[in-house]
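> Just target-v6.cif, nothing more (mmCIF, C-alpha atoms):
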```
data_input
loop_
_atom_site.label_atom_id
_atom_site.label_comp_id
_atom_site.auth_asym_id
_atom_site.auth_seq_id
_atom_site.Cartn_x
_atom_site.Cartn_y
_atom_site.Cartn_z
CA MET A 1 -18.54 -23.77 185.99
CA PRO A 2 -16.99 -21.57 183.27
CA GLY A 3 -15.30 -23.52 180.48
CA TRP A 4 -11.88 -21.94 181.00
CA VAL A 5 -11.90 -22.87 184.71
CA GLU A 6 -12.74 -26.47 183.86
CA ILE A 7 -9.91 -26.60 181.32
CA ILE A 8 -7.44 -25.31 183.95
CA LEU A 9 -8.59 -27.91 186.48
CA ARG A 10 -8.47 -30.71 183.90
CA SER A 11 -4.97 -29.64 182.80
CA VAL A 12 -3.65 -29.53 186.38
CA VAL A 13 -5.05 -33.01 187.10
CA ALA A 14 -3.62 -34.31 183.78
CA PHE A 15 -0.21 -32.91 184.71
CA LEU A 16 -0.29 -34.64 188.09
CA VAL A 17 -1.31 -37.93 186.52
CA LEU A 18 1.48 -37.57 183.96
CA LEU A 19 3.99 -37.22 186.81
CA MET A 20 2.73 -40.43 188.41
CA ALA A 21 2.40 -42.47 185.20
CA PRO A 22 6.16 -43.31 184.87
CA LYS A 23 5.93 -45.28 188.13
CA PHE A 24 4.06 -47.96 186.17
CA PHE A 25 7.01 -48.27 183.75
CA LYS A 26 10.42 -49.73 184.49
CA ARG A 27 12.98 -47.04 185.24
CA SER A 28 15.03 -46.30 182.12
CA ALA A 29 15.90 -43.44 179.84
CA ILE A 30 13.29 -42.53 177.21
CA ALA A 31 15.80 -43.39 174.49
CA GLN A 32 15.96 -46.94 175.90
CA PHE A 33 12.19 -47.50 175.88
CA SER A 34 10.99 -50.54 173.97
CA TYR A 35 8.37 -50.16 171.23
CA PHE A 36 5.64 -51.20 173.67
CA GLU A 37 6.73 -48.75 176.38
CA ALA A 38 7.08 -45.84 173.98
CA SER A 39 3.68 -46.56 172.42
CA ALA A 40 1.95 -46.92 175.80
CA MET A 41 3.48 -43.70 177.10
CA LEU A 42 2.42 -41.86 173.94
CA ILE A 43 -1.16 -43.15 174.19
CA ILE A 44 -1.39 -42.13 177.85
CA ALA A 45 -0.09 -38.67 176.98
CA ILE A 46 -2.69 -38.34 174.19
CA ILE A 47 -5.50 -39.40 176.55
CA LEU A 48 -4.38 -36.79 179.07
CA ALA A 49 -4.05 -34.10 176.42
CA MET A 50 -7.49 -34.80 174.94
CA GLY A 51 -9.14 -35.02 178.34
CA SER A 52 -7.56 -31.77 179.54
CA PHE A 53 -9.11 -29.44 176.95
CA HIS A 54 -11.90 -31.41 175.22
CA ILE A 55 -14.82 -30.48 177.47
CA GLY A 56 -17.18 -32.61 175.39
CA ILE A 57 -15.45 -35.77 176.68
CA PRO A 58 -16.81 -36.69 180.14
CA VAL A 59 -14.18 -36.82 182.87
CA GLY A 60 -15.27 -40.35 183.74
CA TYR A 61 -14.38 -41.59 180.25
CA THR A 62 -10.90 -40.07 180.50
CA ILE A 63 -10.30 -41.61 183.92
CA THR A 64 -11.55 -45.01 182.73
CA ALA A 65 -9.22 -44.94 179.72
CA LEU A 66 -6.26 -43.93 181.89
CA ILE A 67 -6.90 -46.62 184.50
CA THR A 68 -7.26 -49.21 181.75
CA TRP A 69 -3.99 -48.31 180.05
CA LEU A 70 -2.03 -47.97 183.30
CA ALA A 71 -3.40 -51.34 184.44
CA ILE A 72 -2.34 -52.92 181.13
CA VAL A 73 1.19 -51.50 181.51
CA GLY A 74 1.42 -52.63 185.14
CA ILE A 75 0.20 -56.16 184.39
CA ILE A 76 2.49 -56.61 181.39
CA ASN A 77 5.53 -55.36 183.32
CA TYR A 78 4.68 -57.70 186.21
CA ILE A 79 4.36 -60.71 183.90
CA SER A 80 7.60 -59.67 182.18
CA LEU A 81 9.41 -59.90 185.51
CA LYS A 82 8.21 -63.48 185.94
CA SER A 83 8.55 -64.82 182.41
CA VAL A 84 11.61 -64.48 180.18
CA SER A 85 9.79 -65.63 177.04
CA PHE A 86 6.95 -63.14 177.61
CA ARG A 87 9.48 -60.36 178.29
CA ASN A 88 11.31 -61.11 175.06
CA PHE A 89 8.01 -61.16 173.15
CA VAL A 90 6.83 -57.79 174.50
CA HIS A 91 10.07 -55.84 174.93
CA GLY A 92 12.28 -57.69 172.47
CA LYS A 93 15.82 -58.94 173.10
CA GLY A 94 19.32 -58.19 171.94
CA LEU A 95 20.38 -59.57 168.56
CA PRO A 96 24.06 -60.12 167.61
CA VAL A 97 25.01 -58.15 164.50
CA ILE A 98 28.82 -58.51 164.59
CA LYS A 99 30.85 -61.48 165.77
CA ASP A 100 34.63 -61.92 165.55
CA GLY A 101 34.89 -58.81 163.39
CA LYS A 102 32.36 -60.07 160.80
CA VAL A 103 28.90 -58.62 160.17
CA LEU A 104 25.96 -61.01 160.55
CA GLU A 105 23.97 -59.89 157.52
CA ASP A 106 21.01 -62.20 158.14
CA ASN A 107 20.38 -60.70 161.56
CA LEU A 108 20.55 -57.21 160.11
CA LYS A 109 17.96 -58.11 157.47
CA LYS A 110 15.62 -59.54 160.13
CA GLN A 111 15.59 -56.14 161.85
CA ARG A 112 15.46 -54.19 158.57
CA TYR A 113 18.76 -52.61 159.53
CA THR A 114 20.87 -51.21 156.70
CA THR A 115 24.65 -51.12 156.47
CA ASP A 116 24.53 -47.34 156.80
CA ASP A 117 22.54 -47.68 160.04
CA LEU A 118 25.12 -50.10 161.42
CA LEU A 119 28.11 -47.93 160.49
CA LYS A 120 26.39 -44.85 161.91
CA GLN A 121 25.81 -46.59 165.24
CA LEU A 122 29.41 -47.82 165.34
CA ARG A 123 30.72 -44.30 164.68
CA ALA A 124 28.60 -43.09 167.59
CA LYS A 125 30.63 -45.52 169.73
CA ASN A 126 33.91 -44.17 168.27
CA VAL A 127 34.38 -47.34 166.23
CA PHE A 128 35.27 -46.75 162.58
CA LYS A 129 36.50 -50.20 161.59
CA VAL A 130 34.24 -53.25 161.73
CA ALA A 131 37.23 -55.57 162.01
CA ASP A 132 38.10 -53.98 165.38
CA VAL A 133 34.85 -55.29 166.90
CA GLU A 134 34.79 -58.59 168.79
CA PHE A 135 31.05 -58.59 169.41
CA ALA A 136 28.16 -56.16 168.84
CA VAL A 137 24.52 -56.48 169.87
CA LEU A 138 21.50 -54.63 168.52
CA GLU A 139 19.33 -53.92 171.55
CA SER A 140 15.54 -53.74 171.53
CA SER A 141 15.82 -49.95 171.95
CA GLY A 142 17.62 -49.74 168.58
CA ASP A 143 20.98 -48.94 170.16
CA ILE A 144 24.09 -50.99 169.47
CA ASN A 145 26.47 -52.06 172.24
CA VAL A 146 29.99 -52.88 171.16
CA LEU A 147 32.78 -54.99 172.64
CA LEU A 148 36.13 -54.23 171.01
CA LYS A 149 38.76 -56.89 170.48
CA LYS A 150 41.21 -57.11 173.35
CA GLU A 151 44.06 -55.53 171.41
CA ASN A 152 41.87 -52.55 170.50
CA GLN A 153 40.62 -51.84 174.01
CA PRO A 154 42.19 -48.98 176.02
CA LEU A 155 44.87 -50.00 178.48
CA THR A 156 43.81 -50.11 182.12
CA ALA A 157 45.77 -50.09 185.35
CA LYS A 158 44.98 -53.79 185.70
CA ASP A 159 46.49 -54.53 182.26
CA MET A 160 49.67 -52.71 183.29
CA LEU A 161 49.73 -54.45 186.71
CA ILE A 162 49.68 -51.04 188.38
CA PRO A 163 48.15 -51.02 191.87
CA VAL A 164 45.33 -48.50 192.17
CA ALA A 165 43.84 -47.22 195.40
CA PRO A 166 40.15 -48.05 195.97
CA MET A 167 37.74 -45.19 195.45
CA LYS A 168 34.34 -44.53 196.96
CA GLU A 169 31.58 -42.11 196.08
CA PRO A 170 32.50 -38.49 196.95
CA GLN A 171 30.16 -36.76 199.37
CA THR A 172 28.77 -33.30 198.62
CA VAL A 173 29.24 -31.41 201.91
CA ILE A 174 28.46 -27.89 200.63
CA MET A 175 25.69 -27.03 198.18
CA ASP A 176 24.67 -23.50 197.18
CA GLY A 177 26.61 -22.05 200.11
CA LYS A 178 24.95 -24.32 202.69
CA VAL A 179 26.57 -27.11 204.70
CA MET A 180 25.17 -30.64 204.24
CA ASP A 181 25.49 -32.01 207.78
CA GLU A 182 24.17 -35.46 206.83
CA ALA A 183 26.86 -35.90 204.15
CA LEU A 184 29.54 -34.82 206.64
CA ALA A 185 28.30 -37.32 209.19
CA THR A 186 28.35 -40.10 206.56
CA ILE A 187 32.12 -39.78 206.19
CA GLY A 188 32.72 -39.21 209.91
CA LEU A 189 33.48 -35.48 209.72
CA ASN A 190 31.89 -32.38 211.24
CA ARG A 191 31.51 -28.65 210.70
CA GLY A 192 34.63 -27.92 212.72
CA TRP A 193 36.78 -29.89 210.26
CA LEU A 194 35.06 -28.24 207.29
CA GLU A 195 35.51 -24.73 208.66
CA SER A 196 39.21 -25.35 209.37
CA GLU A 197 39.74 -26.63 205.80
CA LEU A 198 38.00 -23.55 204.37
CA GLU A 199 40.01 -21.29 206.66
CA LYS A 200 43.24 -22.74 205.24
CA GLN A 201 42.13 -21.56 201.80
CA ALA A 202 40.65 -18.28 203.08
CA ILE A 203 37.19 -19.10 201.64
CA ALA A 204 33.84 -18.46 203.30
CA ILE A 205 31.14 -21.16 203.18
CA GLU A 206 28.59 -18.80 201.58
CA ASN A 207 30.96 -18.30 198.61
CA VAL A 208 31.06 -22.03 197.80
CA PHE A 209 28.72 -23.33 195.10
CA ILE A 210 29.68 -27.02 195.50
CA GLY A 211 32.09 -28.61 197.95
CA GLN A 212 32.91 -32.32 197.83
CA VAL A 213 35.04 -34.65 199.95
CA ASP A 214 36.54 -37.72 198.29
CA SER A 215 37.21 -41.10 199.89
CA TYR A 216 40.67 -39.88 201.02
CA GLY A 217 39.30 -36.86 202.87
CA GLU A 218 40.39 -34.28 200.30
CA LEU A 219 38.08 -31.27 199.92
CA THR A 220 37.49 -29.84 196.44
CA LEU A 221 35.58 -26.60 195.92
CA ASP A 222 33.72 -24.84 193.13
CA LEU A 223 32.96 -21.19 193.89
CA PHE A 224 30.14 -18.96 192.74
CA ASP A 225 32.72 -16.55 191.32
CA ASP A 226 34.57 -18.48 188.61
CA LYS A 227 37.23 -15.77 188.43
CA ILE A 228 38.52 -16.73 191.88
CA LYS A 229 41.05 -19.54 191.67
CA VAL A 230 40.91 -22.12 194.44
CA PRO A 231 44.39 -22.98 195.77
CA GLU A 232 45.53 -26.50 194.95
CA GLN A 233 45.77 -29.01 197.79
CA LYS A 234 49.44 -29.47 198.77
CA GLU A 235 49.23 -31.70 201.84
CA LYS A 236 49.52 -34.98 199.95
CA PRO A 237 52.42 -33.98 197.65
CA LEU A 238 54.26 -32.49 200.65
CA LEU A 239 53.75 -35.66 202.71
CA LEU A 240 55.01 -37.84 199.86
CA ALA A 241 58.02 -35.55 199.38
CA SER A 242 58.81 -35.77 203.12
CA ILE A 243 58.70 -39.56 203.04
CA LYS A 244 61.00 -39.66 200.01
CA LYS A 245 63.41 -37.23 201.69
CA THR A 246 63.51 -39.42 204.79
CA GLN A 247 64.29 -42.48 202.69
CA ALA A 248 67.05 -40.59 200.85
CA ASP A 249 68.55 -39.34 204.14
CA LEU A 250 68.69 -42.89 205.48
CA GLU A 251 70.60 -44.03 202.37
CA ILE A 252 73.03 -41.13 202.77
CA PHE A 253 73.59 -41.98 206.44
CA SER A 254 74.31 -45.60 205.52
CA LEU A 255 76.99 -44.44 203.05
CA GLN A 256 78.58 -41.89 205.39
CA THR A 257 78.93 -43.98 208.53
CA GLU A 258 81.90 -46.28 209.08
CA ASN A 259 80.15 -48.23 211.83
CA GLN A 260 79.07 -51.50 210.26
CA GLN A 261 76.22 -52.01 212.72
CA ALA A 262 74.86 -48.51 212.06
CA LYS A 263 75.33 -48.98 208.30
CA THR A 264 73.25 -52.17 208.39
CA MET A 265 70.54 -50.48 210.44
CA PHE A 266 70.32 -47.47 208.08
CA GLU A 267 70.21 -49.73 205.01
CA HIS A 268 67.42 -51.79 206.58
CA CYS A 269 65.42 -48.66 207.47
CA ALA A 270 65.95 -47.20 203.99
CA ALA A 271 64.64 -50.42 202.41
CA GLU A 272 61.57 -50.33 204.68
CA MET A 273 60.91 -46.68 203.79
CA ASP A 274 61.21 -47.54 200.10
CA ASP A 275 58.55 -50.22 200.63
CA VAL A 276 56.36 -47.65 202.40
CA ILE A 277 56.72 -45.25 199.46
CA LYS A 278 55.59 -47.94 197.01
CA LYS A 279 52.50 -48.66 199.13
CA VAL A 280 51.36 -45.11 199.85
CA SER A 281 52.35 -43.28 196.67
CA LYS A 282 49.11 -44.35 194.95
CA TYR A 283 47.17 -42.59 197.72
CA LEU A 284 49.22 -39.38 197.70
CA HIS A 285 49.25 -38.43 194.01
#
```
Written as structure tokens, how would this file's structure read?

Amino acid sequence: MPGWVEIILRSVVAFLVLLMAPKFFKRSAIAQFSYFEASAMLIIAIILAMGSFHIGIPVGYTITALITWLAIVGIINYISLKSVSFRNFVHGKGLPVIKDGKVLEDNLKKQRYTTDDLLKQLRAKNVFKVADVEFAVLESSGDINVLLKKENQPLTAKDMLIPVAPMKEPQTVIMDGKVMDEALATIGLNRGWLESELEKQAIAIENVFIGQVDSYGELTLDLFDDKIKVPEQKEKPLLLASIKKTQADLEIFSLQTENQQAKTMFEHCAAEMDDVIKKVSKYLH
């Protein structure tokens, strides 16, 4: 077999093995790899690279080295799942570096972490003042996770006691101009509904790059031609405006009538409509 043909075959096999190798590692971003995982992945990549073009190395040796390293990774990850102490020994564990707004210098020294390294990591988290931090942990990946003090955290709807409607994952029903029937079926809709919604906006399916339906049944579109502006959805604002108008009309009727029984009825209905507005407004904005 010509040398160049053998190199091509070896490289193709090495590429396929490289695609399968991550299955022996726990699923995480490369930046979050521990020292062991990063080293093992690098060694496997070197074995594949050397075996793909170094014809002098027998294929059997390359395969033996790969199987050995993949077996080591698999065994260590399996034991790590069963033993906390072994997992901490191999992959490391988080180490507190800030507590109650004060830097734990001894822990920084143990990890050979400088003050500049700490401040740089905090700035990456949009934290520029150490005193604003309630708790910070140096992870085994070298990243720092920060918990701000309560008074420095952004306000949430829960903090303001504002009721918020629940939200589910939006379903992509159009992709690259093609309808995703399975996604439509997941949310209990069909092509007929989708075509009617597109017809309202005078848009053809083949012109849609991405179409998504949220948990409230609202369709949002992104077109291939970015110069075309998609009309804004008006059904919800119009419905909310109609409900508010009805409530206002009931209050007007209660003020205009001289019949006490009718006045009481209109006032009661207006109060009920006001309660309805408070309940549904979070869904219609």
> For atom CA of His91 of chain A and atom CA of Val137 of chain A, determine how far apart the two atoms are, in Å to one decimal place.
15.3 Å
> Written as a PyMOL selection string, which residues does the PyMOL selection byres ((chain A and resi 170) around 9) give for the file shown?
chain A and resi 167-169+171-172+212-215
> Selected by the PyMOL selection byres ((chain A and resi 249) around 12) in the shown coordinates: which residues, as a count of residues only?
21
> Between A:Ser196, A:Ser80, A:Ser140, A:Ser11, which residue has the minimum interatomic distance to Ile55 of chain A, considering all atoms listed in the file?
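Of all the options, A:Ser11 lies closest to Ile55 of chain A.
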> With all atoms listed in the file as the atoms that count, which of A:Ala21, A:Gly211, A:Glu182, A:Phe89 lies nearest to Ile67 of chain A?
A:Ala21
> The PyMOL selection byres ((chain A and resi 175) around 12) - which residues does that actually catch in the file I just gave you? List them as a count of residues only.
23
> Using all atoms listed in the file, which of A:Leu238, A:Ile79, A:Leu219, A:Ala136 sits nearest Asn107 of chain A?
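Residue with the minimum atom-to-atom distance to Asn107 of chain A: A:Ala136.
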> In Å, rounded to a single decimal, give me how far atom CA of Asp100 of chain A is from atom CA of Asn152 of chain A.
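Going from atom CA of Asn152 of chain A over to atom CA of Asp100 of chain A, I get 12.8 Å.
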> For the atom pair atom CA of Asn77 of chain A and atom CA of Ile63 of chain A, what is the interatomic distance in Å to one decimal place?
21.0 Å
> Taking into account all atoms listed in the file, which residue in the set A:Leu148, A:Leu70, A:Ile8, A:Leu161 is nearest to Ile47 of chain A?
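Once distances to Ile47 of chain A are computed over all atoms listed in the file, the minimum belongs to A:Leu70.
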> Supply segment 261-281 of chain A as a PDB file, keeping the file's coordinate frame, with N, CA, C and O atoms built in where the input has gaps.

```
ATOM      1  N   GLN A 261      77.531 -51.754 212.133  1.00  0.00           N
ATOM      2  CA  GLN A 261      76.220 -52.010 212.720  1.00  0.00           C
ATOM      3  C   GLN A 261      75.229 -50.896 212.356  1.00  0.00           C
ATOM      4  O   GLN A 261      74.077 -51.150 211.998  1.00  0.00           O
ATOM      5  N   ALA A 262      75.710 -49.647 212.422  1.00  0.00           N
ATOM      6  CA  ALA A 262      74.860 -48.510 212.060  1.00  0.00           C
ATOM      7  C   ALA A 262      74.540 -48.534 210.569  1.00  0.00           C
ATOM      8  O   ALA A 262      73.422 -48.220 210.139  1.00  0.00           O
ATOM      9  N   LYS A 263      75.543 -48.903 209.748  1.00  0.00           N
ATOM     10  CA  LYS A 263      75.330 -48.980 208.300  1.00  0.00           C
ATOM     11  C   LYS A 263      74.219 -49.977 207.976  1.00  0.00           C
ATOM     12  O   LYS A 263      73.325 -49.709 207.170  1.00  0.00           O
ATOM     13  N   THR A 264      74.271 -51.142 208.623  1.00  0.00           N
ATOM     14  CA  THR A 264      73.250 -52.170 208.390  1.00  0.00           C
ATOM     15  C   THR A 264      71.868 -51.687 208.804  1.00  0.00           C
ATOM     16  O   THR A 264      70.869 -51.928 208.115  1.00  0.00           O
ATOM     17  N   MET A 265      71.821 -50.982 209.947  1.00  0.00           N
ATOM     18  CA  MET A 265      70.540 -50.480 210.440  1.00  0.00           C
ATOM     19  C   MET A 265      69.960 -49.444 209.475  1.00  0.00           C
ATOM     20  O   MET A 265      68.769 -49.475 209.145  1.00  0.00           O
ATOM     21  N   PHE A 266      70.804 -48.508 209.002  1.00  0.00           N
ATOM     22  CA  PHE A 266      70.320 -47.470 208.080  1.00  0.00           C
ATOM     23  C   PHE A 266      69.847 -48.081 206.750  1.00  0.00           C
ATOM     24  O   PHE A 266      68.836 -47.653 206.184  1.00  0.00           O
ATOM     25  N   GLU A 267      70.606 -49.078 206.264  1.00  0.00           N
ATOM     26  CA  GLU A 267      70.210 -49.730 205.010  1.00  0.00           C
ATOM     27  C   GLU A 267      68.871 -50.441 205.159  1.00  0.00           C
ATOM     28  O   GLU A 267      68.027 -50.395 204.260  1.00  0.00           O
ATOM     29  N   HIS A 268      68.684 -51.096 206.315  1.00  0.00           N
ATOM     30  CA  HIS A 268      67.420 -51.790 206.580  1.00  0.00           C
ATOM     31  C   HIS A 268      66.261 -50.792 206.652  1.00  0.00           C
ATOM     32  O   HIS A 268      65.194 -51.022 206.066  1.00  0.00           O
ATOM     33  N   CYS A 269      66.473 -49.690 207.342  1.00  0.00           N
ATOM     34  CA  CYS A 269      65.420 -48.660 207.470  1.00  0.00           C
ATOM     35  C   CYS A 269      65.114 -48.024 206.120  1.00  0.00           C
ATOM     36  O   CYS A 269      63.945 -47.732 205.804  1.00  0.00           O
ATOM     37  N   ALA A 270      66.156 -47.792 205.318  1.00  0.00           N
ATOM     38  CA  ALA A 270      65.950 -47.200 203.990  1.00  0.00           C
ATOM     39  C   ALA A 270      65.126 -48.131 203.110  1.00  0.00           C
ATOM     40  O   ALA A 270      64.251 -47.687 202.352  1.00  0.00           O
ATOM     41  N   ALA A 271      65.396 -49.445 203.206  1.00  0.00           N
ATOM     42  CA  ALA A 271      64.640 -50.420 202.410  1.00  0.00           C
ATOM     43  C   ALA A 271      63.179 -50.444 202.861  1.00  0.00           C
ATOM     44  O   ALA A 271      62.266 -50.538 202.028  1.00  0.00           O
ATOM     45  N   GLU A 272      62.950 -50.347 204.180  1.00  0.00           N
ATOM     46  CA  GLU A 272      61.570 -50.330 204.680  1.00  0.00           C
ATOM     47  C   GLU A 272      60.837 -49.066 204.228  1.00  0.00           C
ATOM     48  O   GLU A 272      59.656 -49.117 203.866  1.00  0.00           O
ATOM     49  N   MET A 273      61.532 -47.923 204.253  1.00  0.00           N
ATOM     50  CA  MET A 273      60.910 -46.680 203.790  1.00  0.00           C
ATOM     51  C   MET A 273      60.601 -46.730 202.297  1.00  0.00           C
ATOM     52  O   MET A 273      59.581 -46.193 201.839  1.00  0.00           O
ATOM     53  N   ASP A 274      61.471 -47.387 201.535  1.00  0.00           N
ATOM     54  CA  ASP A 274      61.210 -47.540 200.100  1.00  0.00           C
ATOM     55  C   ASP A 274      59.952 -48.368 199.882  1.00  0.00           C
ATOM     56  O   ASP A 274      59.155 -48.085 198.984  1.00  0.00           O
ATOM     57  N   ASP A 275      59.764 -49.402 200.714  1.00  0.00           N
ATOM     58  CA  ASP A 275      58.550 -50.220 200.630  1.00  0.00           C
ATOM     59  C   ASP A 275      57.318 -49.395 201.001  1.00  0.00           C
ATOM     60  O   ASP A 275      56.259 -49.535 200.389  1.00  0.00           O
ATOM     61  N   VAL A 276      57.461 -48.530 202.005  1.00  0.00           N
ATOM     62  CA  VAL A 276      56.360 -47.650 202.400  1.00  0.00           C
ATOM     63  C   VAL A 276      55.978 -46.717 201.257  1.00  0.00           C
ATOM     64  O   VAL A 276      54.795 -46.497 200.973  1.00  0.00           O
ATOM     65  N   ILE A 277      56.975 -46.160 200.576  1.00  0.00           N
ATOM     66  CA  ILE A 277      56.720 -45.250 199.460  1.00  0.00           C
ATOM     67  C   ILE A 277      55.925 -45.949 198.359  1.00  0.00           C
ATOM     68  O   ILE A 277      54.975 -45.385 197.798  1.00  0.00           O
ATOM     69  N   LYS A 278      56.300 -47.200 198.055  1.00  0.00           N
ATOM     70  CA  LYS A 278      55.590 -47.940 197.010  1.00  0.00           C
ATOM     71  C   LYS A 278      54.125 -48.181 197.400  1.00  0.00           C
ATOM     72  O   LYS A 278      53.238 -48.176 196.546  1.00  0.00           O
ATOM     73  N   LYS A 279      53.866 -48.369 198.678  1.00  0.00           N
ATOM     74  CA  LYS A 279      52.500 -48.660 199.130  1.00  0.00           C
ATOM     75  C   LYS A 279      51.629 -47.419 199.206  1.00  0.00           C
ATOM     76  O   LYS A 279      50.418 -47.483 198.904  1.00  0.00           O
ATOM     77  N   VAL A 280      52.201 -46.290 199.617  1.00  0.00           N
ATOM     78  CA  VAL A 280      51.360 -45.110 199.850  1.00  0.00           C
ATOM     79  C   VAL A 280      51.354 -44.112 198.704  1.00  0.00           C
ATOM     80  O   VAL A 280      50.524 -43.206 198.677  1.00  0.00           O
ATOM     81  N   SER A 281      52.275 -44.260 197.745  1.00  0.00           N
ATOM     82  CA  SER A 281      52.350 -43.280 196.670  1.00  0.00           C
ATOM     83  C   SER A 281      51.064 -43.210 195.856  1.00  0.00           C
ATOM     84  O   SER A 281      50.663 -42.136 195.379  1.00  0.00           O
TER      85      SER A 281
END
```
